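So this one's data.pdb, PDB, C-alpha atoms, pLDDT in the B column:
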```pdb
ATOM      1  CA  ASP A   1    -110.783 -98.941 -60.774  1.00 62.00           C
ATOM      2  CA  ALA A   2    -112.258-100.693 -63.801  1.00 81.00           C
ATOM      3  CA  GLY A   3    -115.558-101.498 -62.150  1.00 94.00           C
ATOM      4  CA  VAL A   4    -117.512-104.703 -62.663  1.00 97.00           C
ATOM      5  CA  ILE A   5    -116.836-106.042 -66.142  1.00 97.00           C
ATOM      6  CA  GLN A   6    -119.367-108.165 -67.980  1.00 98.00           C
ATOM      7  CA  SER A   7    -119.185-109.962 -71.294  1.00 97.00           C
ATOM      8  CA  PRO A   8    -120.633-110.222 -73.797  1.00 98.00           C
ATOM      9  CA  ARG A   9    -122.454-106.902 -73.803  1.00 97.00           C
ATOM     10  CA  HIS A  10    -124.940-108.129 -76.366  1.00 97.00           C
ATOM     11  CA  GLU A  11    -125.780-111.622 -77.524  1.00 97.00           C
ATOM     12  CA  VAL A  12    -128.381-112.970 -79.897  1.00 98.00           C
ATOM     13  CA  THR A  13    -128.746-116.723 -79.941  1.00 97.00           C
ATOM     14  CA  GLU A  14    -131.155-119.337 -81.175  1.00 97.00           C
ATOM     15  CA  MET A  15    -133.455-121.246 -78.906  1.00 97.00           C
ATOM     16  CA  GLY A  16    -131.809-124.402 -77.598  1.00 97.00           C
ATOM     17  CA  GLN A  17    -128.283-123.023 -77.687  1.00 98.00           C
ATOM     18  CA  GLU A  18    -126.072-122.732 -74.631  1.00 98.00           C
ATOM     19  CA  VAL A  19    -125.387-119.209 -73.391  1.00 98.00           C
ATOM     20  CA  THR A  20    -122.533-118.288 -71.078  1.00 98.00           C
ATOM     21  CA  LEU A  21    -122.356-114.859 -69.476  1.00 98.00           C
ATOM     22  CA  ARG A  22    -119.157-113.776 -67.770  1.00 98.00           C
ATOM     23  CA  CYS A  23    -118.337-111.415 -64.960  1.00 98.00           C
ATOM     24  CA  LYS A  24    -115.203-109.992 -63.434  1.00 98.00           C
ATOM     25  CA  PRO A  25    -115.965-108.350 -60.074  1.00 97.00           C
ATOM     26  CA  ILE A  26    -114.108-105.397 -58.652  1.00 95.00           C
ATOM     27  CA  SER A  27    -110.754-106.479 -57.261  1.00 94.00           C
ATOM     28  CA  GLY A  28    -110.929-107.100 -53.530  1.00 91.00           C
ATOM     29  CA  HIS A  29    -114.691-107.567 -53.456  1.00 90.00           C
ATOM     30  CA  ASN A  30    -115.757-110.875 -52.019  1.00 87.00           C
ATOM     31  CA  SER A  31    -119.507-110.829 -52.611  1.00 89.00           C
ATOM     32  CA  LEU A  32    -120.885-111.325 -56.108  1.00 93.00           C
ATOM     33  CA  PHE A  33    -124.466-111.159 -57.341  1.00 93.00           C
ATOM     34  CA  TRP A  34    -126.295-112.055 -60.545  1.00 96.00           C
ATOM     35  CA  TYR A  35    -129.499-110.196 -61.391  1.00 96.00           C
ATOM     36  CA  ARG A  36    -131.896-110.422 -64.316  1.00 97.00           C
ATOM     37  CA  GLN A  37    -134.054-107.557 -65.562  1.00 97.00           C
ATOM     38  CA  THR A  38    -137.135-107.745 -67.753  1.00 96.00           C
ATOM     39  CA  MET A  39    -139.958-105.321 -68.360  1.00 92.00           C
ATOM     40  CA  MET A  40    -142.459-107.710 -66.813  1.00 92.00           C
ATOM     41  CA  ARG A  41    -140.580-108.731 -63.682  1.00 92.00           C
ATOM     42  CA  GLY A  42    -138.167-105.880 -63.087  1.00 92.00           C
ATOM     43  CA  LEU A  43    -134.833-106.612 -61.397  1.00 94.00           C
ATOM     44  CA  GLU A  44    -134.627-110.094 -59.883  1.00 93.00           C
ATOM     45  CA  LEU A  45    -131.792-111.457 -57.750  1.00 92.00           C
ATOM     46  CA  LEU A  46    -130.843-114.844 -59.168  1.00 95.00           C
ATOM     47  CA  ILE A  47    -127.924-115.945 -57.006  1.00 94.00           C
ATOM     48  CA  TYR A  48    -125.192-114.535 -54.827  1.00 90.00           C
ATOM     49  CA  PHE A  49    -121.769-115.743 -53.732  1.00 92.00           C
ATOM     50  CA  ASN A  50    -119.570-114.940 -50.789  1.00 88.00           C
ATOM     51  CA  ASN A  51    -115.874-115.824 -50.969  1.00 90.00           C
ATOM     52  CA  ASN A  52    -116.623-117.810 -54.142  1.00 93.00           C
ATOM     53  CA  VAL A  53    -119.245-119.972 -52.391  1.00 93.00           C
ATOM     54  CA  PRO A  54    -122.892-119.831 -53.522  1.00 93.00           C
ATOM     55  CA  ILE A  55    -124.944-118.655 -50.571  1.00 88.00           C
ATOM     56  CA  ASP A  56    -128.446-118.425 -51.968  1.00 87.00           C
ATOM     57  CA  ASP A  57    -129.606-119.589 -55.375  1.00 92.00           C
ATOM     58  CA  SER A  58    -133.314-119.498 -54.620  1.00 90.00           C
ATOM     59  CA  GLY A  59    -133.811-116.906 -57.339  1.00 91.00           C
ATOM     60  CA  MET A  60    -132.485-119.132 -60.114  1.00 95.00           C
ATOM     61  CA  PRO A  61    -135.539-119.766 -62.280  1.00 88.00           C
ATOM     62  CA  GLU A  62    -134.974-123.423 -63.119  1.00 86.00           C
ATOM     63  CA  ASP A  63    -132.391-126.132 -63.703  1.00 91.00           C
ATOM     64  CA  ARG A  64    -131.467-124.693 -67.064  1.00 96.00           C
ATOM     65  CA  PHE A  65    -129.648-121.937 -65.182  1.00 97.00           C
ATOM     66  CA  SER A  66    -126.367-122.497 -63.392  1.00 97.00           C
ATOM     67  CA  ALA A  67    -123.749-120.171 -61.961  1.00 98.00           C
ATOM     68  CA  LYS A  68    -120.176-120.753 -60.896  1.00 97.00           C
ATOM     69  CA  MET A  69    -117.419-118.755 -59.302  1.00 97.00           C
ATOM     70  CA  PRO A  70    -114.168-120.706 -59.687  1.00 97.00           C
ATOM     71  CA  ASN A  71    -112.077-117.906 -58.199  1.00 95.00           C
ATOM     72  CA  ALA A  72    -112.372-114.450 -56.712  1.00 94.00           C
ATOM     73  CA  SER A  73    -112.021-112.676 -60.034  1.00 96.00           C
ATOM     74  CA  PHE A  74    -114.392-114.581 -62.282  1.00 97.00           C
ATOM     75  CA  SER A  75    -117.960-115.845 -62.404  1.00 98.00           C
ATOM     76  CA  THR A  76    -120.181-117.331 -65.069  1.00 98.00           C
ATOM     77  CA  LEU A  77    -123.920-117.636 -65.518  1.00 98.00           C
ATOM     78  CA  LYS A  78    -124.888-120.368 -67.923  1.00 98.00           C
ATOM     79  CA  ILE A  79    -128.226-121.100 -69.562  1.00 97.00           C
ATOM     80  CA  GLN A  80    -128.595-124.475 -71.235  1.00 97.00           C
ATOM     81  CA  PRO A  81    -130.730-124.845 -73.244  1.00 96.00           C
ATOM     82  CA  SER A  82    -131.813-121.263 -73.779  1.00 97.00           C
ATOM     83  CA  GLU A  83    -135.432-120.299 -74.444  1.00 97.00           C
ATOM     84  CA  PRO A  84    -137.003-117.091 -75.794  1.00 97.00           C
ATOM     85  CA  ARG A  85    -138.368-116.256 -72.328  1.00 96.00           C
ATOM     86  CA  ASP A  86    -134.781-116.002 -71.094  1.00 97.00           C
ATOM     87  CA  SER A  87    -134.371-112.827 -73.129  1.00 98.00           C
ATOM     88  CA  ALA A  88    -133.423-110.152 -70.634  1.00 98.00           C
ATOM     89  CA  VAL A  89    -130.594-107.994 -69.374  1.00 98.00           C
ATOM     90  CA  TYR A  90    -128.367-109.875 -66.962  1.00 98.00           C
ATOM     91  CA  PHE A  91    -126.417-107.820 -64.444  1.00 98.00           C
ATOM     92  CA  CYS A  92    -123.483-108.877 -62.361  1.00 97.00           C
ATOM     93  CA  ALA A  93    -122.655-106.910 -59.219  1.00 94.00           C
ATOM     94  CA  SER A  94    -120.059-107.079 -56.473  1.00 92.00           C
ATOM     95  CA  SER A  95    -119.606-105.785 -52.953  1.00 87.00           C
ATOM     96  CA  LEU A  96    -116.736-105.375 -50.539  1.00 81.00           C
ATOM     97  CA  ALA A  97    -118.086-107.554 -47.765  1.00 68.00           C
ATOM     98  CA  PHE A  98    -120.650-110.204 -47.148  1.00 61.00           C
ATOM     99  CA  PHE A  99    -123.500-107.854 -47.753  1.00 58.00           C
ATOM    100  CA  PHE A 100    -126.119-109.554 -45.679  1.00 56.00           C
ATOM    101  CA  MET A 101    -124.239-109.918 -42.430  1.00 57.00           C
ATOM    102  CA  GLU A 102    -125.403-107.756 -39.600  1.00 54.00           C
ATOM    103  CA  GLY A 103    -123.615-104.456 -39.681  1.00 54.00           C
ATOM    104  CA  ALA A 104    -122.414-104.985 -43.209  1.00 54.00           C
ATOM    105  CA  SER A 105    -125.644-103.970 -44.842  1.00 58.00           C
ATOM    106  CA  GLY A 106    -124.346-100.455 -45.117  1.00 61.00           C
ATOM    107  CA  ASN A 107    -121.994-101.560 -47.853  1.00 72.00           C
ATOM    108  CA  THR A 108    -122.427-100.523 -51.451  1.00 83.00           C
ATOM    109  CA  ILE A 109    -123.106-102.886 -54.326  1.00 87.00           C
ATOM    110  CA  TYR A 110    -121.524-102.023 -57.667  1.00 92.00           C
ATOM    111  CA  PHE A 111    -123.199-103.161 -60.854  1.00 95.00           C
ATOM    112  CA  GLY A 112    -121.793-103.907 -64.257  1.00 96.00           C
ATOM    113  CA  GLU A 113    -123.279-102.519 -67.442  1.00 95.00           C
ATOM    114  CA  GLY A 114    -125.196-105.698 -68.140  1.00 97.00           C
ATOM    115  CA  SER A 115    -125.332-108.404 -70.780  1.00 98.00           C
ATOM    116  CA  TRP A 116    -128.261-107.964 -73.165  1.00 97.00           C
ATOM    117  CA  LEU A 117    -129.476-111.409 -74.175  1.00 98.00           C
ATOM    118  CA  THR A 118    -131.959-112.106 -76.944  1.00 98.00           C
ATOM    119  CA  VAL A 119    -133.040-115.680 -77.615  1.00 98.00           C
ATOM    120  CA  VAL A 120    -134.899-116.146 -80.888  1.00 97.00           C
TER
ATOM    121  CA  ASP B   1    -139.320-108.931 -46.549  1.00 54.00           C
ATOM    122  CA  ALA B   2    -141.076-105.651 -45.914  1.00 57.00           C
ATOM    123  CA  LYS B   3    -142.843-103.908 -48.742  1.00 76.00           C
ATOM    124  CA  THR B   4    -141.930-100.505 -50.049  1.00 87.00           C
ATOM    125  CA  THR B   5    -144.254 -98.061 -51.718  1.00 92.00           C
ATOM    126  CA  GLN B   6    -142.976 -95.484 -54.171  1.00 96.00           C
ATOM    127  CA  PRO B   7    -144.806 -93.370 -56.754  1.00 97.00           C
ATOM    128  CA  ASN B   8    -144.586 -94.925 -60.198  1.00 96.00           C
ATOM    129  CA  SER B   9    -143.400 -91.695 -61.771  1.00 97.00           C
ATOM    130  CA  MET B  10    -142.538 -88.084 -61.004  1.00 97.00           C
ATOM    131  CA  GLU B  11    -141.667 -85.049 -63.047  1.00 97.00           C
ATOM    132  CA  SER B  12    -139.316 -82.242 -62.270  1.00 96.00           C
ATOM    133  CA  ASN B  13    -137.991 -79.151 -63.946  1.00 96.00           C
ATOM    134  CA  GLU B  14    -134.288 -78.754 -64.448  1.00 96.00           C
ATOM    135  CA  GLU B  15    -132.476 -76.871 -61.687  1.00 96.00           C
ATOM    136  CA  GLU B  16    -135.339 -77.410 -59.248  1.00 96.00           C
ATOM    137  CA  PRO B  17    -135.254 -79.623 -56.149  1.00 96.00           C
ATOM    138  CA  VAL B  18    -136.883 -83.041 -56.264  1.00 97.00           C
ATOM    139  CA  HIS B  19    -138.239 -84.979 -53.317  1.00 98.00           C
ATOM    140  CA  LEU B  20    -138.704 -88.684 -53.966  1.00 98.00           C
ATOM    141  CA  PRO B  21    -140.763 -90.376 -51.242  1.00 97.00           C
ATOM    142  CA  CYS B  22    -140.702 -93.973 -50.070  1.00 95.00           C
ATOM    143  CA  ASN B  23    -142.844 -95.749 -47.516  1.00 94.00           C
ATOM    144  CA  HIS B  24    -141.339 -98.752 -45.740  1.00 88.00           C
ATOM    145  CA  SER B  25    -143.685 -99.100 -42.798  1.00 84.00           C
ATOM    146  CA  THR B  26    -142.612-102.620 -41.761  1.00 79.00           C
ATOM    147  CA  ILE B  27    -138.898-101.934 -41.642  1.00 80.00           C
ATOM    148  CA  SER B  28    -137.125-103.310 -38.581  1.00 75.00           C
ATOM    149  CA  GLY B  29    -134.891-101.312 -36.294  1.00 73.00           C
ATOM    150  CA  THR B  30    -131.497-102.327 -37.627  1.00 74.00           C
ATOM    151  CA  ASP B  31    -132.182-102.263 -41.342  1.00 79.00           C
ATOM    152  CA  TYR B  32    -130.422 -99.717 -43.491  1.00 84.00           C
ATOM    153  CA  ILE B  33    -132.339 -97.816 -46.134  1.00 88.00           C
ATOM    154  CA  HIS B  34    -130.560 -97.754 -49.462  1.00 90.00           C
ATOM    155  CA  TRP B  35    -131.333 -95.771 -52.584  1.00 94.00           C
ATOM    156  CA  TYR B  36    -130.115 -96.809 -55.971  1.00 95.00           C
ATOM    157  CA  ARG B  37    -130.895 -95.366 -59.367  1.00 97.00           C
ATOM    158  CA  GLN B  38    -130.805 -96.786 -62.854  1.00 97.00           C
ATOM    159  CA  LEU B  39    -130.069 -94.523 -65.775  1.00 96.00           C
ATOM    160  CA  PRO B  40    -131.361 -95.622 -69.193  1.00 93.00           C
ATOM    161  CA  SER B  41    -129.502 -98.636 -70.571  1.00 92.00           C
ATOM    162  CA  GLN B  42    -127.200 -98.856 -67.558  1.00 94.00           C
ATOM    163  CA  GLY B  43    -126.882-100.951 -64.457  1.00 95.00           C
ATOM    164  CA  PRO B  44    -128.177 -99.622 -61.144  1.00 95.00           C
ATOM    165  CA  GLU B  45    -125.845 -97.322 -59.258  1.00 95.00           C
ATOM    166  CA  TYR B  46    -125.641 -96.484 -55.584  1.00 92.00           C
ATOM    167  CA  VAL B  47    -126.987 -93.110 -54.521  1.00 95.00           C
ATOM    168  CA  ILE B  48    -127.057 -92.983 -50.743  1.00 93.00           C
ATOM    169  CA  HIS B  49    -127.956 -94.963 -47.642  1.00 89.00           C
ATOM    170  CA  GLY B  50    -128.773 -94.322 -44.003  1.00 89.00           C
ATOM    171  CA  LEU B  51    -129.977 -95.903 -40.804  1.00 86.00           C
ATOM    172  CA  THR B  52    -131.599 -93.305 -38.582  1.00 85.00           C
ATOM    173  CA  SER B  53    -130.332 -89.812 -39.092  1.00 83.00           C
ATOM    174  CA  ASN B  54    -130.351 -87.748 -42.230  1.00 90.00           C
ATOM    175  CA  VAL B  55    -127.456 -88.232 -44.616  1.00 92.00           C
ATOM    176  CA  ASN B  56    -125.847 -86.072 -47.260  1.00 93.00           C
ATOM    177  CA  ASN B  57    -123.402 -86.836 -50.030  1.00 91.00           C
ATOM    178  CA  ARG B  58    -122.381 -85.232 -53.282  1.00 90.00           C
ATOM    179  CA  MET B  59    -125.283 -86.803 -55.149  1.00 90.00           C
ATOM    180  CA  ALA B  60    -128.225 -86.333 -52.827  1.00 95.00           C
ATOM    181  CA  SER B  61    -129.613 -86.065 -49.335  1.00 96.00           C
ATOM    182  CA  LEU B  62    -131.616 -88.685 -47.501  1.00 97.00           C
ATOM    183  CA  ALA B  63    -134.202 -87.651 -44.960  1.00 96.00           C
ATOM    184  CA  ILE B  64    -135.400 -90.478 -42.726  1.00 93.00           C
ATOM    185  CA  ALA B  65    -138.563 -90.092 -40.687  1.00 92.00           C
ATOM    186  CA  GLU B  66    -138.179 -90.349 -36.944  1.00 91.00           C
ATOM    187  CA  ASP B  67    -140.231 -93.555 -36.848  1.00 90.00           C
ATOM    188  CA  ARG B  68    -138.240 -94.846 -39.861  1.00 89.00           C
ATOM    189  CA  LYS B  69    -141.406 -95.841 -41.651  1.00 90.00           C
ATOM    190  CA  SER B  70    -140.631 -93.547 -44.532  1.00 93.00           C
ATOM    191  CA  SER B  71    -137.758 -91.743 -46.167  1.00 95.00           C
ATOM    192  CA  THR B  72    -137.268 -89.104 -48.822  1.00 97.00           C
ATOM    193  CA  LEU B  73    -134.472 -88.824 -51.329  1.00 98.00           C
ATOM    194  CA  ILE B  74    -133.712 -85.206 -52.120  1.00 97.00           C
ATOM    195  CA  LEU B  75    -131.996 -84.059 -55.281  1.00 97.00           C
ATOM    196  CA  HIS B  76    -131.210 -80.443 -54.577  1.00 94.00           C
ATOM    197  CA  ARG B  77    -130.982 -79.275 -58.193  1.00 95.00           C
ATOM    198  CA  ALA B  78    -132.225 -81.739 -60.749  1.00 96.00           C
ATOM    199  CA  THR B  79    -130.312 -82.006 -63.999  1.00 96.00           C
ATOM    200  CA  LEU B  80    -131.243 -83.793 -67.197  1.00 96.00           C
ATOM    201  CA  ARG B  81    -128.731 -86.494 -66.228  1.00 95.00           C
ATOM    202  CA  ASP B  82    -130.799 -87.266 -63.135  1.00 97.00           C
ATOM    203  CA  ALA B  83    -133.585 -88.732 -65.252  1.00 97.00           C
ATOM    204  CA  ALA B  84    -133.664 -92.338 -64.068  1.00 97.00           C
ATOM    205  CA  VAL B  85    -135.592 -94.923 -62.096  1.00 97.00           C
ATOM    206  CA  TYR B  86    -134.967 -94.471 -58.376  1.00 98.00           C
ATOM    207  CA  TYR B  87    -135.232 -97.458 -56.073  1.00 96.00           C
ATOM    208  CA  CYS B  88    -135.727 -97.322 -52.326  1.00 93.00           C
ATOM    209  CA  ILE B  89    -134.491-100.558 -50.734  1.00 88.00           C
ATOM    210  CA  PRO B  90    -134.588-101.408 -47.043  1.00 83.00           C
ATOM    211  CA  ILE B  91    -131.951-104.037 -46.286  1.00 76.00           C
ATOM    212  CA  TYR B  92    -132.750-106.823 -43.895  1.00 64.00           C
ATOM    213  CA  ASN B  93    -130.044-108.269 -41.736  1.00 49.00           C
ATOM    214  CA  GLN B  94    -131.398-111.767 -41.280  1.00 43.00           C
ATOM    215  CA  GLY B  95    -130.686-113.246 -44.667  1.00 52.00           C
ATOM    216  CA  GLY B  96    -131.894-110.069 -46.257  1.00 51.00           C
ATOM    217  CA  LYS B  97    -131.427-109.420 -49.899  1.00 66.00           C
ATOM    218  CA  LEU B  98    -131.096-106.347 -52.055  1.00 77.00           C
ATOM    219  CA  ILE B  99    -134.577-106.623 -53.523  1.00 80.00           C
ATOM    220  CA  PHE B 100    -135.602-104.062 -56.107  1.00 87.00           C
ATOM    221  CA  GLY B 101    -139.215-102.943 -56.278  1.00 87.00           C
ATOM    222  CA  GLN B 102    -140.679-101.050 -59.198  1.00 90.00           C
ATOM    223  CA  GLY B 103    -139.079 -97.746 -58.232  1.00 95.00           C
ATOM    224  CA  THR B 104    -139.987 -94.217 -59.267  1.00 97.00           C
ATOM    225  CA  GLU B 105    -139.284 -93.113 -62.801  1.00 97.00           C
ATOM    226  CA  LEU B 106    -138.099 -89.519 -62.634  1.00 98.00           C
ATOM    227  CA  SER B 107    -138.271 -87.365 -65.728  1.00 97.00           C
ATOM    228  CA  VAL B 108    -136.574 -83.967 -65.831  1.00 97.00           C
ATOM    229  CA  LYS B 109    -137.795 -81.269 -68.149  1.00 96.00           C
ATOM    230  CA  PRO B 110    -135.472 -78.566 -69.465  1.00 94.00           C
TER
END
```
What's the structure tokens form of this structure?
Amino acid sequence: DAGVIQSPRHEVTEMGQEVTLRCKPISGHNSLFWYRQTMMRGLELLIYFNNNVPIDDSGMPEDRFSAKMPNASFSTLKIQPSEPRDSAVYFCASSLAFFFMEGASGNTIYFGEGSWLTVV
Amino acid sequence: DAKTTQPNSMESNEEEPVHLPCNHSTISGTDYIHWYRQLPSQGPEYVIHGLTSNVNNRMASLAIAEDRKSSTLILHRATLRDAAVYYCIPIYNQGGKLIFGQGTELSVKP
């Protein structure tokens, strides 16, 4: 299996520009997660989807961030406009089942290698 | 969500066993305990999980206290490739989330 695939791996952009991060989950997985990692805040859960539907976006920092999952094999995280404080590593992850249902919390979450974003 | 307490850092010698502790004193009865690790410049990866009894897999063993308020991840023979940040994560069934704390940074000396 190819694992969770993220693109781009690295991006440097100027403040104010739109940034789009992409994710292809593992085939057959129906839960998808976006995380952000910084030195100051560690790993933060931004949003997660089940069967392409956003379930909880309470971790999304502000309206500049949006995430979509138009189908089971693709998701995007968009930042518009970007700011220097958005510089971080953004991870996408997927899981076989709705992770947070009772009894399903024994499932494994698989992470991609991350998208390293620098906003200057 | 319940809090977890892990040492900030630990050191081990190569080929020696490592015991990574985690306190999760407010865990509820049906919550699994997961361990993930993050190697340098990589995404987190699953290590092991358990509910009540001890668990073993090819990567590690998980020892869960009888009262479930703590657990210990055991690497039987540490290698240089095991140098990583190890996260202990109790999962909560009622809208629970995979929340990462600060973890334990394990360094392995040759």
Test item: chain B residues at most 10 Å from chain A, counting only C-alpha atoms, as a PyMOL selection string: chain B and resi 30-34+36+41-51+90-103
Gap from atom CA of B:His76 to atom CA of B:Pro110 - Å, one decimal: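 Computing the Euclidean distance for atom CA of B:His76 and atom CA of B:Pro110 yields 15.6 Å.
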Selection: 8 Å around B:Ser71, all atoms listed in the file, excl. self and same-chain fewer than 3 positions, as number ranges by chain: B: 21-24, 62-65, 68
Separation of atom CA of B:Tyr86 from atom CA of B:Val108 in Å: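 Rounded to one decimal, the two atoms are 13.0 Å apart.
Ranking A:Gly3, A:Cys23, A:Ala88, A:Thr118 by their shortest atom-to-atom distance to A:Pro70, with only C-alpha atoms included, puts A:Cys23 first.
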The PyMOL selection byres ((chain A and resi 87) around 6) applied to the shown file, residues as a VMD selection string: chain A and resid 84 to 86 88 117 to 119
Could you turn the residues from that selection into a file that holds C-alpha atoms, as a PDB file, in the coordinates of the input?
```
ATOM      1  CA  PRO A  84    -137.003-117.091 -75.794  1.00 97.00           C
ATOM      2  CA  ARG A  85    -138.368-116.256 -72.328  1.00 96.00           C
ATOM      3  CA  ASP A  86    -134.781-116.002 -71.094  1.00 97.00           C
ATOM      4  CA  ALA A  88    -133.423-110.152 -70.634  1.00 98.00           C
ATOM      5  CA  LEU A 117    -129.476-111.409 -74.175  1.00 98.00           C
ATOM      6  CA  THR A 118    -131.959-112.106 -76.944  1.00 98.00           C
ATOM      7  CA  VAL A 119    -133.040-115.680 -77.615  1.00 98.00           C
TER       8      VAL A 119
END
```
Separation of atom CA of A:Gln80 from atom CA of A:Ser95 in Å: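 We find that atom CA of A:Ser95 and atom CA of A:Gln80 lie 27.6 Å from each other.
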Chain and number of each residue from the PyMOL selection byres ((chain B and resi 11-18) around 10), as a PyMOL selection string: chain B and resi 9-10+19-21+60+72-83+105-110
Test item: the PyMOL selection byres ((chain A and resi 78) around 12) resolved as a ChimeraX atom specification: /A:17-23,34,46,60,62-69,75-77,79-82,86,90,117
Distance criterion (all atoms listed in the file): nearest to A:Gly59 out of A:Asn30, A:Tyr35, A:Val4, A:Ala72: A:Tyr35
Given all atoms listed in the file as the counted atoms, nearest of B:Ile89, B:Pro7, B:Ser70, B:Thr52 to B:Gly29: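 The answer is B:Thr52, which sits nearest to B:Gly29.
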